[in-house]
$ cat my_file.cif   # mmCIF, C-alpha atoms
data_structure
loop_
_atom_site.label_atom_id
_atom_site.label_comp_id
_atom_site.auth_asym_id
_atom_site.auth_seq_id
_atom_site.Cartn_x
_atom_site.Cartn_y
_atom_site.Cartn_z
CA MET A 1 39.49 8.92 -11.45
CA THR A 2 38.92 7.22 -8.13
CA GLU A 3 35.23 8.10 -8.00
CA LYS A 4 32.96 5.05 -8.24
CA LYS A 5 30.93 4.96 -11.40
CA LYS A 6 27.21 5.08 -10.74
CA GLU A 7 25.42 1.86 -11.65
CA ARG A 8 22.46 2.74 -13.81
CA ILE A 9 19.46 0.66 -14.72
CA ASN A 10 18.96 0.29 -18.47
CA ILE A 11 15.44 1.66 -18.97
CA HIS A 12 14.76 -0.43 -22.08
CA GLU A 13 15.68 -3.67 -20.35
CA TYR A 14 13.76 -2.55 -17.26
CA LEU A 15 10.55 -1.97 -19.23
CA ALA A 16 10.91 -5.00 -21.52
CA GLN A 17 10.87 -7.40 -18.55
CA PHE A 18 7.33 -6.35 -17.69
CA ASP A 19 5.95 -8.03 -20.82
CA ASP A 20 7.25 -11.37 -19.59
CA ILE A 21 4.80 -11.77 -16.69
CA PRO A 22 1.76 -13.91 -17.53
CA GLY A 23 -1.69 -12.37 -17.08
CA THR A 24 -0.33 -9.04 -15.86
CA ARG A 25 -0.27 -5.52 -17.30
CA VAL A 26 2.16 -3.34 -15.42
CA PHE A 27 1.03 0.30 -15.20
CA THR A 28 3.85 1.82 -17.19
CA ALA A 29 4.06 5.39 -18.47
CA GLN A 30 2.84 4.14 -21.85
CA ARG A 31 -0.32 2.71 -20.27
CA ALA A 32 -0.69 5.74 -18.02
CA ARG A 33 -0.70 8.02 -21.06
CA LYS A 34 -3.18 5.90 -22.96
CA GLY A 35 -5.52 5.70 -19.97
CA TYR A 36 -5.22 9.28 -18.78
CA TRP A 37 -8.83 10.31 -19.33
CA LEU A 38 -10.26 6.90 -18.43
CA ASN A 39 -8.51 7.14 -15.07
CA GLN A 40 -9.50 10.78 -14.63
CA PHE A 41 -13.12 9.83 -15.40
CA ALA A 42 -12.92 7.20 -12.66
CA MET A 43 -11.47 9.78 -10.25
CA SER A 44 -14.42 12.07 -10.91
CA LEU A 45 -16.63 9.48 -9.17
CA MET A 46 -15.11 10.50 -5.84
CA LYS A 47 -17.76 13.23 -5.75
CA GLU A 48 -21.30 12.26 -4.77
CA GLU A 49 -22.87 14.65 -7.30
CA ASN A 50 -20.87 13.06 -10.11
CA ARG A 51 -21.83 9.55 -9.00
CA GLU A 52 -25.48 10.59 -9.12
CA ARG A 53 -25.15 12.03 -12.61
CA PHE A 54 -23.21 8.97 -13.81
CA LYS A 55 -25.79 6.54 -12.40
CA ALA A 56 -28.65 8.55 -13.92
CA ASP A 57 -27.21 8.31 -17.47
CA GLU A 58 -23.90 6.49 -17.80
CA LYS A 59 -23.56 7.02 -21.53
CA ALA A 60 -24.19 10.76 -21.35
CA TYR A 61 -21.72 11.11 -18.49
CA LEU A 62 -19.04 9.16 -20.40
CA ASP A 63 -19.61 11.34 -23.46
CA GLU A 64 -18.37 14.33 -21.42
CA TRP A 65 -14.91 12.73 -21.35
CA ASP A 66 -12.30 12.42 -24.07
CA LEU A 67 -12.52 8.62 -24.17
CA THR A 68 -12.16 6.13 -27.02
CA ASP A 69 -15.28 4.17 -27.95
CA ALA A 70 -13.54 1.03 -26.68
CA ALA A 71 -12.94 2.64 -23.30
CA LYS A 72 -16.54 3.82 -23.06
CA GLN A 73 -17.84 0.38 -23.98
CA ALA A 74 -15.52 -1.29 -21.46
CA VAL A 75 -16.94 0.95 -18.72
CA LEU A 76 -20.54 0.31 -19.75
CA ASP A 77 -19.83 -3.44 -19.80
CA ARG A 78 -17.89 -3.24 -16.50
CA ASP A 79 -15.22 -5.24 -18.32
CA TYR A 80 -12.21 -4.53 -16.11
CA ASN A 81 -9.72 -6.41 -18.30
CA ALA A 82 -10.82 -4.29 -21.25
CA MET A 83 -10.50 -1.13 -19.16
CA ILE A 84 -6.96 -2.11 -18.23
CA ASP A 85 -6.24 -2.70 -21.93
CA GLU A 86 -7.39 0.88 -22.47
CA GLY A 87 -4.83 2.12 -19.95
CA GLY A 88 -6.95 1.91 -16.81
CA ASN A 89 -5.37 1.16 -13.47
CA VAL A 90 -7.20 -0.79 -10.80
CA TYR A 91 -6.75 1.87 -8.10
CA TYR A 92 -8.37 4.49 -10.31
CA LEU A 93 -11.00 2.06 -11.50
CA SER A 94 -11.79 1.24 -7.87
CA LYS A 95 -13.82 4.46 -7.82
CA LEU A 96 -16.07 2.87 -10.47
CA PHE A 97 -16.63 -0.45 -8.73
CA SER A 98 -17.04 1.37 -5.39
CA THR A 99 -19.76 3.46 -7.05
CA ASP A 100 -21.37 0.13 -7.96
CA GLY A 101 -21.04 -1.00 -4.34
CA LYS A 102 -18.54 -3.71 -5.33
CA SER A 103 -15.31 -4.72 -3.60
CA PHE A 104 -11.73 -5.16 -4.75
CA GLN A 105 -12.30 -8.90 -4.48
CA PHE A 106 -15.25 -8.64 -6.87
CA ALA A 107 -13.26 -6.61 -9.39
CA ALA A 108 -10.13 -8.75 -9.15
CA GLY A 109 -12.16 -11.94 -9.44
CA SER A 110 -14.00 -10.62 -12.48
CA MET A 111 -10.70 -10.38 -14.36
CA THR A 112 -9.68 -14.01 -13.87
CA GLY A 113 -12.39 -15.78 -15.87
CA MET A 114 -13.50 -17.51 -12.67
CA THR A 115 -16.88 -17.09 -11.01
CA GLN A 116 -16.96 -15.00 -7.83
CA GLU A 117 -17.49 -18.18 -5.81
CA GLU A 118 -14.56 -19.97 -7.46
CA TYR A 119 -12.30 -16.97 -6.94
CA ALA A 120 -13.29 -16.58 -3.27
CA GLU A 121 -12.69 -20.31 -2.77
CA MET A 122 -9.25 -20.07 -4.39
CA MET A 123 -8.32 -17.23 -2.03
CA ILE A 124 -9.48 -19.12 1.06
CA LYS A 125 -7.36 -22.05 -0.05
CA GLY A 126 -4.26 -19.88 -0.09
CA GLY A 127 -4.62 -17.94 -3.34
CA ARG A 128 -3.09 -18.48 -6.75
CA SER A 129 0.29 -20.21 -6.62
CA PRO A 130 3.16 -18.36 -8.29
CA GLU A 131 4.30 -21.67 -9.83
CA GLY A 132 4.27 -21.37 -13.61
CA VAL A 133 3.08 -17.73 -13.69
CA ARG A 134 6.33 -15.93 -12.93
CA SER A 135 7.78 -15.78 -16.43
CA ILE A 136 6.49 -16.57 -19.90
CA LYS A 137 9.95 -17.05 -21.43
CA GLU A 138 11.35 -19.14 -18.66
CA GLY A 139 8.14 -21.11 -18.16
CA ARG A 140 8.42 -21.00 -14.38
CA MET B 1 15.22 14.93 21.63
CA ALA B 2 12.77 13.08 19.44
CA ARG B 3 13.59 9.46 18.60
CA VAL B 4 12.27 6.68 16.39
CA THR B 5 11.41 4.04 18.98
CA THR B 6 9.42 1.62 16.88
CA GLY B 7 8.70 0.39 13.39
CA ILE B 8 5.38 -1.23 12.62
CA THR B 9 4.11 -2.80 9.42
CA SER B 10 0.49 -3.33 8.63
CA SER B 11 -1.89 -4.18 5.89
CA HIS B 12 -4.08 -1.31 4.76
CA ILE B 13 -6.71 -3.09 2.66
CA PRO B 14 -10.13 -1.42 2.53
CA ALA B 15 -11.91 -4.72 3.27
CA LEU B 16 -10.66 -4.45 6.87
CA GLY B 17 -12.50 -1.15 7.21
CA ALA B 18 -15.60 -2.66 5.67
CA ALA B 19 -15.42 -5.57 8.16
CA ILE B 20 -15.32 -3.09 11.06
CA GLN B 21 -18.17 -1.01 9.66
CA THR B 22 -20.43 -4.00 9.03
CA GLY B 23 -19.70 -5.64 12.38
CA LYS B 24 -17.96 -8.63 10.80
CA SER B 25 -14.56 -8.22 12.43
CA ARG B 26 -15.10 -11.23 14.70
CA ASP B 27 -16.77 -13.59 12.26
CA ASP B 28 -15.14 -16.82 11.05
CA TYR B 29 -13.45 -15.12 8.11
CA TRP B 30 -12.16 -11.90 9.73
CA GLY B 31 -11.85 -13.12 13.34
CA PRO B 32 -8.31 -14.53 12.96
CA VAL B 33 -7.15 -11.32 11.24
CA PHE B 34 -8.46 -9.01 13.94
CA GLY B 35 -7.34 -11.56 16.55
CA GLY B 36 -3.80 -11.25 15.25
CA TYR B 37 -3.98 -7.49 15.74
CA ASP B 38 -5.40 -7.70 19.30
CA SER B 39 -1.99 -8.06 20.89
CA ILE B 40 -0.66 -5.09 18.88
CA LYS B 41 -3.63 -3.02 20.06
CA GLU B 42 -2.98 -3.99 23.67
CA TRP B 43 0.73 -3.30 23.34
CA ILE B 44 0.38 0.09 21.71
CA ALA B 45 -2.27 1.25 24.21
CA LYS B 46 0.32 1.12 27.02
CA GLU B 47 1.62 4.54 27.95
CA GLU B 48 5.28 3.65 27.35
CA ASN B 49 4.52 2.37 23.85
CA MET B 50 1.98 4.91 22.65
CA PRO B 51 3.61 7.13 20.02
CA ASP B 52 3.38 10.89 20.18
CA VAL B 53 3.67 10.95 16.40
CA VAL B 54 3.47 8.31 13.68
CA VAL B 55 5.23 8.88 10.37
CA LEU B 56 2.79 6.81 8.35
CA VAL B 57 4.22 5.53 5.07
CA TYR B 58 1.52 4.41 2.66
CA ASN B 59 0.51 4.70 -0.94
CA ASP B 60 -2.28 6.97 -2.02
CA HIS B 61 -4.61 4.80 -4.10
CA ALA B 62 -5.51 7.46 -6.62
CA SER B 63 -7.38 9.55 -4.03
CA ALA B 64 -5.41 12.66 -3.09
CA PHE B 65 -3.32 12.48 -6.24
CA ASP B 66 -4.77 11.82 -9.65
CA MET B 67 -2.96 11.27 -12.95
CA ASN B 68 -2.25 14.99 -13.05
CA CYS B 69 0.35 14.92 -10.31
CA ILE B 70 2.32 11.83 -9.29
CA PRO B 71 4.79 12.57 -6.48
CA THR B 72 7.29 9.79 -5.80
CA PHE B 73 7.75 10.75 -2.14
CA ALA B 74 5.37 13.23 -0.53
CA ILE B 75 4.98 14.44 3.04
CA GLY B 76 1.90 15.96 4.64
CA CYS B 77 2.84 19.09 6.59
CA GLY B 78 -0.69 20.36 7.27
CA GLU B 79 -2.60 20.62 10.55
CA VAL B 80 -5.34 18.18 9.59
CA PHE B 81 -6.12 15.63 6.89
CA LYS B 82 -9.68 14.55 6.10
CA PRO B 83 -10.65 10.97 5.18
CA ALA B 84 -11.06 10.79 1.39
CA ASP B 85 -14.28 9.86 -0.41
CA GLU B 86 -13.14 6.89 -2.49
CA GLY B 87 -16.45 6.28 -4.18
CA TRP B 88 -18.54 5.02 -1.28
CA GLY B 89 -18.37 8.16 0.91
CA PRO B 90 -15.52 8.97 3.31
CA ARG B 91 -14.64 6.27 5.89
CA PRO B 92 -16.45 7.17 9.14
CA VAL B 93 -13.26 7.75 11.10
CA PRO B 94 -11.79 10.80 12.84
CA ASP B 95 -9.77 13.39 10.97
CA VAL B 96 -6.07 12.67 10.97
CA ILE B 97 -4.28 15.35 12.99
CA GLY B 98 -0.84 16.27 11.71
CA HIS B 99 2.26 17.52 13.47
CA PRO B 100 3.30 20.43 11.23
CA ASP B 101 6.37 21.35 13.32
CA LEU B 102 7.91 17.90 13.06
CA ALA B 103 6.64 17.35 9.51
CA TRP B 104 8.23 20.56 8.23
CA HIS B 105 11.39 19.74 10.13
CA ILE B 106 11.52 16.29 8.50
CA ALA B 107 10.71 17.75 5.07
CA GLN B 108 13.49 20.32 5.31
CA SER B 109 15.98 17.77 6.67
CA LEU B 110 15.17 15.28 3.93
CA ILE B 111 15.67 17.86 1.20
CA LEU B 112 19.02 18.84 2.71
CA ASP B 113 19.80 15.12 2.76
CA ASP B 114 19.23 14.92 -1.03
CA PHE B 115 15.63 13.64 -0.98
CA ASP B 116 13.61 16.00 -3.15
CA MET B 117 10.33 15.74 -1.29
CA CYS B 118 6.95 16.92 -2.47
CA ILE B 119 5.29 18.90 0.32
CA PHE B 120 1.52 18.84 0.83
CA ASN B 121 -0.60 20.90 3.16
CA GLN B 122 -4.11 20.08 2.00
CA MET B 123 -4.50 16.40 1.27
CA ASP B 124 -7.30 13.92 1.90
CA VAL B 125 -6.05 10.61 3.23
CA ASP B 126 -7.47 7.36 1.87
CA HIS B 127 -7.72 3.82 3.23
CA GLY B 128 -3.96 3.42 2.87
CA CYS B 129 -3.52 5.82 5.78
CA THR B 130 -6.67 5.32 7.86
CA ILE B 131 -6.99 1.50 7.86
CA PRO B 132 -3.72 0.98 9.75
CA LEU B 133 -4.92 3.54 12.33
CA SER B 134 -8.20 1.64 12.73
CA MET B 135 -6.32 -1.66 13.08
CA MET B 136 -4.02 -0.27 15.80
CA PHE B 137 -6.42 1.99 17.67
CA GLY B 138 -9.91 0.61 17.02
CA GLU B 139 -12.78 3.07 16.78
CA PRO B 140 -11.97 6.06 19.02
CA GLU B 141 -13.61 9.50 18.84
CA GLU B 142 -10.18 10.94 18.06
CA TRP B 143 -6.94 9.24 17.07
CA PRO B 144 -4.70 9.01 20.14
CA CYS B 145 -1.59 10.43 18.43
CA LYS B 146 -0.48 12.82 15.73
CA VAL B 147 0.18 11.46 12.25
CA ILE B 148 2.49 12.64 9.49
CA PRO B 149 1.26 11.06 6.24
CA LEU B 150 4.05 10.07 3.89
CA PRO B 151 2.61 8.82 0.60
CA VAL B 152 4.84 6.94 -1.83
CA ASN B 153 4.03 6.33 -5.48
CA VAL B 154 3.84 2.58 -6.03
CA VAL B 155 1.08 2.75 -8.65
CA CYS B 156 2.59 4.36 -11.73
CA TYR B 157 5.88 2.80 -12.90
CA PRO B 158 8.58 3.16 -11.97
CA PRO B 159 8.06 3.39 -8.23
CA PRO B 160 11.16 4.21 -6.16
CA SER B 161 13.70 1.41 -5.76
CA GLY B 162 13.96 -0.59 -2.57
CA ALA B 163 17.40 0.91 -1.99
CA ARG B 164 16.03 4.45 -2.28
CA CYS B 165 13.24 3.62 0.16
CA PHE B 166 15.71 2.09 2.61
CA ALA B 167 17.92 5.19 2.40
CA LEU B 168 14.88 7.45 2.88
CA GLY B 169 14.12 5.63 6.12
CA ASP B 170 17.66 6.28 7.33
CA SER B 171 17.27 9.99 6.53
CA ILE B 172 13.91 10.10 8.35
CA LYS B 173 15.65 8.63 11.41
CA ALA B 174 18.34 11.33 11.29
CA ALA B 175 15.70 14.03 10.78
CA VAL B 176 13.64 12.87 13.76
CA GLU B 177 16.74 12.67 15.96
CA SER B 178 17.60 16.30 15.24
CA PHE B 179 14.17 17.55 16.38
CA PRO B 180 14.60 19.16 19.79
CA GLU B 181 11.27 18.21 21.37
CA ASP B 182 11.12 14.98 23.37
CA LEU B 183 8.85 12.81 21.24
CA ASN B 184 8.23 9.09 20.87
CA VAL B 185 8.03 8.66 17.09
CA HIS B 186 6.94 5.54 15.24
CA VAL B 187 7.52 4.87 11.57
CA TRP B 188 4.89 2.61 10.05
CA GLY B 189 5.30 0.90 6.69
CA THR B 190 1.99 -0.25 5.30
CA GLY B 191 0.59 -2.31 2.43
CA GLY B 192 1.45 -5.73 1.12
CA MET B 193 2.14 -8.48 1.34
CA SER B 194 1.91 -10.61 -1.82
CA HIS B 195 -1.19 -9.74 -3.86
CA GLN B 196 -2.34 -9.02 -7.38
CA LEU B 197 -5.59 -7.17 -8.08
CA GLN B 198 -5.64 -7.17 -11.87
CA GLY B 199 -5.71 -9.39 -14.90
CA PRO B 200 -5.97 -13.16 -15.25
CA ARG B 201 -3.20 -13.64 -12.68
CA ALA B 202 -5.22 -11.83 -9.96
CA GLY B 203 -5.27 -13.61 -6.62
CA LEU B 204 -1.60 -14.48 -6.52
CA ILE B 205 -0.24 -15.24 -3.04
CA ASN B 206 3.33 -16.32 -2.32
CA LYS B 207 3.82 -17.48 1.25
CA GLU B 208 7.43 -18.52 0.77
CA PHE B 209 8.36 -15.12 -0.67
CA ASP B 210 6.51 -13.26 2.08
CA LEU B 211 8.08 -15.16 4.96
CA ASN B 212 11.55 -14.76 3.44
CA PHE B 213 10.85 -11.06 2.94
CA ILE B 214 9.97 -10.64 6.63
CA ASP B 215 13.06 -12.56 7.70
CA GLN B 216 15.37 -10.55 5.48
CA LEU B 217 13.69 -7.27 6.41
CA ILE B 218 14.57 -7.99 10.03
CA ASN B 219 18.04 -9.48 9.56
CA ASP B 220 19.55 -8.26 6.30
CA PRO B 221 17.56 -5.31 4.97
CA GLU B 222 20.44 -3.94 2.96
CA THR B 223 20.57 -7.01 0.73
CA LEU B 224 16.78 -7.04 0.54
CA SER B 225 16.77 -3.39 -0.53
CA LYS B 226 18.66 -4.34 -3.69
CA MET B 227 15.91 -6.62 -4.98
CA PRO B 228 14.75 -5.27 -8.36
CA HIS B 229 11.12 -4.39 -9.11
CA ILE B 230 10.73 -7.30 -11.50
CA ASP B 231 11.27 -9.76 -8.65
CA TYR B 232 8.46 -8.15 -6.64
CA LEU B 233 6.22 -8.30 -9.70
CA ARG B 234 6.96 -11.93 -10.52
CA GLU B 235 6.99 -13.27 -6.97
CA ALA B 236 4.63 -11.04 -4.99
CA GLY B 237 2.12 -9.97 -7.65
CA SER B 238 1.61 -6.63 -9.35
CA GLU B 239 0.43 -4.93 -6.15
CA GLY B 240 3.05 -6.67 -3.98
CA ILE B 241 5.37 -3.83 -4.97
CA GLU B 242 3.85 -1.96 -2.00
CA LEU B 243 6.38 -3.87 0.09
CA VAL B 244 9.12 -1.40 -0.90
CA MET B 245 7.44 0.91 1.63
CA TRP B 246 8.32 -1.50 4.43
CA LEU B 247 11.96 -0.74 3.68
CA ILE B 248 11.37 2.92 4.61
CA MET B 249 10.20 1.77 8.03
CA ARG B 250 13.16 -0.58 8.36
CA GLY B 251 15.66 2.06 7.29
CA ALA B 252 14.45 4.28 10.12
CA LEU B 253 15.39 1.71 12.78
CA GLY B 254 19.15 1.46 12.34
CA ASP B 255 21.35 -1.60 11.85
CA LYS B 256 20.04 -4.15 14.32
CA VAL B 257 16.45 -4.59 15.36
CA LYS B 258 14.59 -6.78 17.80
CA GLU B 259 11.44 -8.49 16.62
CA LEU B 260 8.68 -7.90 19.15
CA TYR B 261 5.79 -9.30 17.14
CA ASN B 262 5.38 -11.07 13.83
CA PHE B 263 1.93 -11.91 12.48
CA TYR B 264 1.22 -13.45 9.07
CA HIS B 265 -2.18 -14.44 7.70
CA ILE B 266 -3.63 -15.76 4.42
CA PRO B 267 -6.00 -14.56 3.03
CA ALA B 268 -7.35 -11.12 3.85
CA SER B 269 -9.60 -10.65 0.83
CA ASN B 270 -7.11 -10.73 -2.10
CA THR B 271 -3.97 -10.40 -0.02
CA ALA B 272 -1.52 -12.04 2.32
CA LEU B 273 -1.26 -9.90 5.44
CA GLY B 274 1.79 -9.22 7.57
CA ALA B 275 1.93 -7.14 10.74
CA LEU B 276 5.21 -6.63 12.59
CA ILE B 277 6.48 -4.65 15.56
CA LEU B 278 10.23 -4.00 15.46
CA GLN B 279 12.42 -1.84 17.68
CA PRO B 280 16.05 -0.72 17.46
CA GLU B 281 18.01 -3.37 19.39
CA GLU B 282 19.69 -1.00 21.82
CA THR B 283 16.41 0.46 23.09
CA ALA B 284 14.08 -2.49 22.49
CA GLY B 285 11.44 -3.55 25.00
CA GLU B 286 10.07 -7.00 25.77
CA ALA B 287 8.71 -9.13 22.97
CA LEU B 288 5.01 -9.92 23.01
CA ASN B 289 3.80 -13.37 23.99
CA PRO B 290 3.29 -15.15 21.67
CA LYS B 291 5.81 -13.43 19.46
CA ARG B 292 5.05 -15.23 16.21
CA VAL B 293 1.53 -15.88 15.02
CA LEU B 294 0.56 -17.62 11.80
CA SER B 295 -3.10 -18.01 10.97
CA GLY B 296 -5.55 -18.92 8.25
CA HIS B 297 -4.15 -20.77 5.30
CA SER B 298 -0.59 -19.77 6.21
CA LEU B 299 -0.64 -22.73 8.64
CA GLU B 300 -1.03 -25.22 5.78
CA ALA B 301 2.09 -26.97 4.61
CA ALA B 302 3.60 -25.58 1.43
CA GLU B 303 2.51 -27.45 -1.68
#
$ encode --input "my_file.cif" --output "structure tokens"
Amino acid sequence: MTEKKKERINIHEYLAQFDDIPGTRVFTAQRARKGYWLNQFAMSLMKEENRERFKADEKAYLDEWDLTDAAKQAVLDRDYNAMIDEGGNVYYLSKLFSTDGKSFQFAAGSMTGMTQEEYAEMMIKGGRSPEGVRSIKEGR
Amino acid sequence: MARVTTGITSSHIPALGAAIQTGKSRDDYWGPVFGGYDSIKEWIAKEENMPDVVVLVYNDHASAFDMNCIPTFAIGCGEVFKPADEGWGPRPVPDVIGHPDLAWHIAQSLILDDFDMCIFNQMDVDHGCTIPLSMMFGEPEEWPCKVIPLPVNVVCYPPPSGARCFALGDSIKAAVESFPEDLNVHVWGTGGMSHQLQGPRAGLINKEFDLNFIDQLINDPETLSKMPHIDYLREAGSEGIELVMWLIMRGALGDKVKELYNFYHIPASNTALGALILQPEETAGEALNPKRVLSGHSLEAAE
């Protein structure tokens, strides 16, 4: 055999690394499955008529979707960290904060525990340094 | 014969569109960003630089594709693509006009070259596609060139590897060069640079990583293409993975490139922004003056 053996990525090692990044939930297949209907709900807000119905009665609109109570509550509370815990992804959820007239900066800031002013100030000063938030295990 | 004359990279963040719409593009915050693009706008408006067609590589941000269908590499072969309604109504910009002849030619060539493309005819294009057009061409009644949208999945893991993206660029180059019509084709890689939009680590910016990425993209893209996803995630933030799309652009330019323009700015909303013009060395034109522009917080010394 002279043919070069294909180098393959070990999927288990590949996925396990993602849990080692502080303050980050990578949108893996596992999360994508869990958040399927939450993300599809968010996508439905791309239609004006759906936005109107959602704004008129958020709870009733959410009840039309196959969502867990935790996911529904996270949406009602606009708790984006909790939505991500429920399998949400920020690009899908952007349809929700856009419906609220809010920006990516607002949504991102809301997940950091900082006030909007503090977050905006951090960004103007060059953003969050990667020092110390690259790896939990390696503490770098 | 058609040829890939130019590679361009650009941010595609929606806040840039909002700044244009609300008349803030020249205020203290956005002025330096739009200022950095002015020389690109001037350059591209010249007849010899204006593309006939742009192959626009971007990621669909859950607009045309939902969780039901997640194509890794897709290509828009339709006649026209409408701006998507992303929750605040469609961006008030012209429809994107495709080039079905070239798009189908590229799609077929890529499949024969072992890239199993997903082909779309009806597809709304979101800010990922239309913001770079606004940044390059301003606010015209119609876009001045045809556009072939090429969305890449960088949202749901795993996205394609850097090496796969780099190789796709090379196959796009070969596909374009076998199209008989005489066309000036650009390949644009959009998104990036370092940024994270989720979780307690949101707001991450890594100037050192970004500047090294640009340098390696220009001078040693093959090595850069081997960087694993985890390094993007750790160093450039969870959404910094969009940078793999820049490797598609770079792969379409051949071995050696000339840097015509290199702009880097911190921050544009949550992101670090990089905008480059590169051309294949053998057919490259004159560099812009100034060639390198740093602005905003990127001018501060590293801590």
$ resolve_selection --input "my_file.cif" --expression "the PyMOL selection byres ((chain A) within 8 of (chain B))" --output "ChimeraX atom specification"
/A:17-18,21-29,32,36,39-40,43,45-48,51,81,90-92,94-96,98-99,101,103-105,107-109,111-113,119,122-130,133-135
$ atom_distance --input "my_file.cif" --atom1 "atom CA of A:Ala71" --atom2 "atom CA of A:Thr115"
23.6 Å
$ axis_aligned_box --input "my_file.cif" --around "stretch 19-38 of chain A" --padding-each-side "6 Å" --output "AutoDock Vina command-line options"
--center_x -1.5 --center_y -1.8 --center_z -19.1 --size_x 29.5 --size_y 36.2 --size_z 19.8
$ closest_residue --input "my_file.cif" --among "B:Pro92, B:Pro160, B:Gly78, B:Pro144" --to "B:Asn49" --atoms "only C-alpha atoms"
B:Pro144
$ residues_around --input "my_file.cif" --residues "B:Ile218" --least-positions-apart "6" --cutoff "9 Å" --atoms "only C-alpha atoms" --output "PyMOL selection string"
chain B and resi 250+256-259+278
$ resolve_selection --input "my_file.cif" --expression "the PyMOL selection byres ((chain B and resi 109) around 10)" --output "VMD selection string"
chain B and resid 103 to 108 110 to 115 117 171 to 172 174 to 176 178 to 179
$ closest_residue --input "my_file.cif" --among "A:Tyr61, A:Asp20, A:Glu138, A:Thr68" --to "A:Ser44" --atoms "all atoms listed in the file"
A:Tyr61
$ residues_around --input "my_file.cif" --residues "stretch 280-287 of chain B" --least-positions-apart "5" --cutoff "12 Å" --atoms "all atoms listed in the file" --output "PyMOL selection string"
chain B and resi 3-8+39-40+43+48-49+173+186-187+218-219+249-262+292
$ resolve_selection --input "my_file.cif" --expression "the PyMOL selection byres ((chain B and resi 83) around 7)" --output "number ranges by chain"
B: 81-82, 84-85, 90-91, 95, 124-126
$ write_last_selection --input "my_file.cif" --atoms "C-alpha atoms" --output "compact mmCIF listing (two decimals), in the coordinates of the input"
# COMPACT_ATOMS: atom_id res chain seq x y z
CA PHE B 81 -6.12 15.63 6.89
CA LYS B 82 -9.68 14.55 6.10
CA ALA B 84 -11.06 10.79 1.39
CA ASP B 85 -14.28 9.86 -0.41
CA PRO B 90 -15.52 8.97 3.31
CA ARG B 91 -14.64 6.27 5.89
CA ASP B 95 -9.77 13.39 10.97
CA ASP B 124 -7.30 13.92 1.90
CA VAL B 125 -6.05 10.61 3.23
CA ASP B 126 -7.47 7.36 1.87
$ atom_distance --input "my_file.cif" --atom1 "atom CA of B:Ala275" --atom2 "atom CA of B:Ser11"
6.8 Å
$ atom_distance --input "my_file.cif" --atom1 "atom CA of B:Phe166" --atom2 "atom CA of B:Ser225"
6.4 Å
$ closest_residue --input "my_file.cif" --among "A:Ala82, A:Arg31, A:Leu76, A:Glu118" --to "A:Asp100" --atoms "all atoms listed in the file"
A:Leu76
$ closest_residue --input "my_file.cif" --among "B:Asp38, B:Glu242, B:Asp170, B:Glu222" --to "B:His12" --atoms "only C-alpha atoms"
B:Glu242
$ residues_near_point --input "my_file.cif" --point "(8.9, 6.4, 4.6)" --cutoff "8 Å" --atoms "all atoms listed in the file" --output "PyMOL selection string"
chain B and resi 55-58+150-152+165+168-169+172+187-189+245-249
$ closest_residue --input "my_file.cif" --among "B:Leu243, B:Ile44, B:Met135, B:Val54" --to "B:Asn153" --atoms "only C-alpha atoms"
B:Leu243
$ residues_near_point --input "my_file.cif" --point "(-21.2, 16.3, -16.6)" --cutoff "12 Å" --atoms "all atoms listed in the file" --output "MDAnalysis selection string"
chainID A and resid 41 44:45 47 49:65
$ closest_residue --input "my_file.cif" --among "B:Gly17, B:Phe73, B:Ser161, B:Gly274" --to "B:Asn212" --atoms "all atoms listed in the file"
B:Gly274
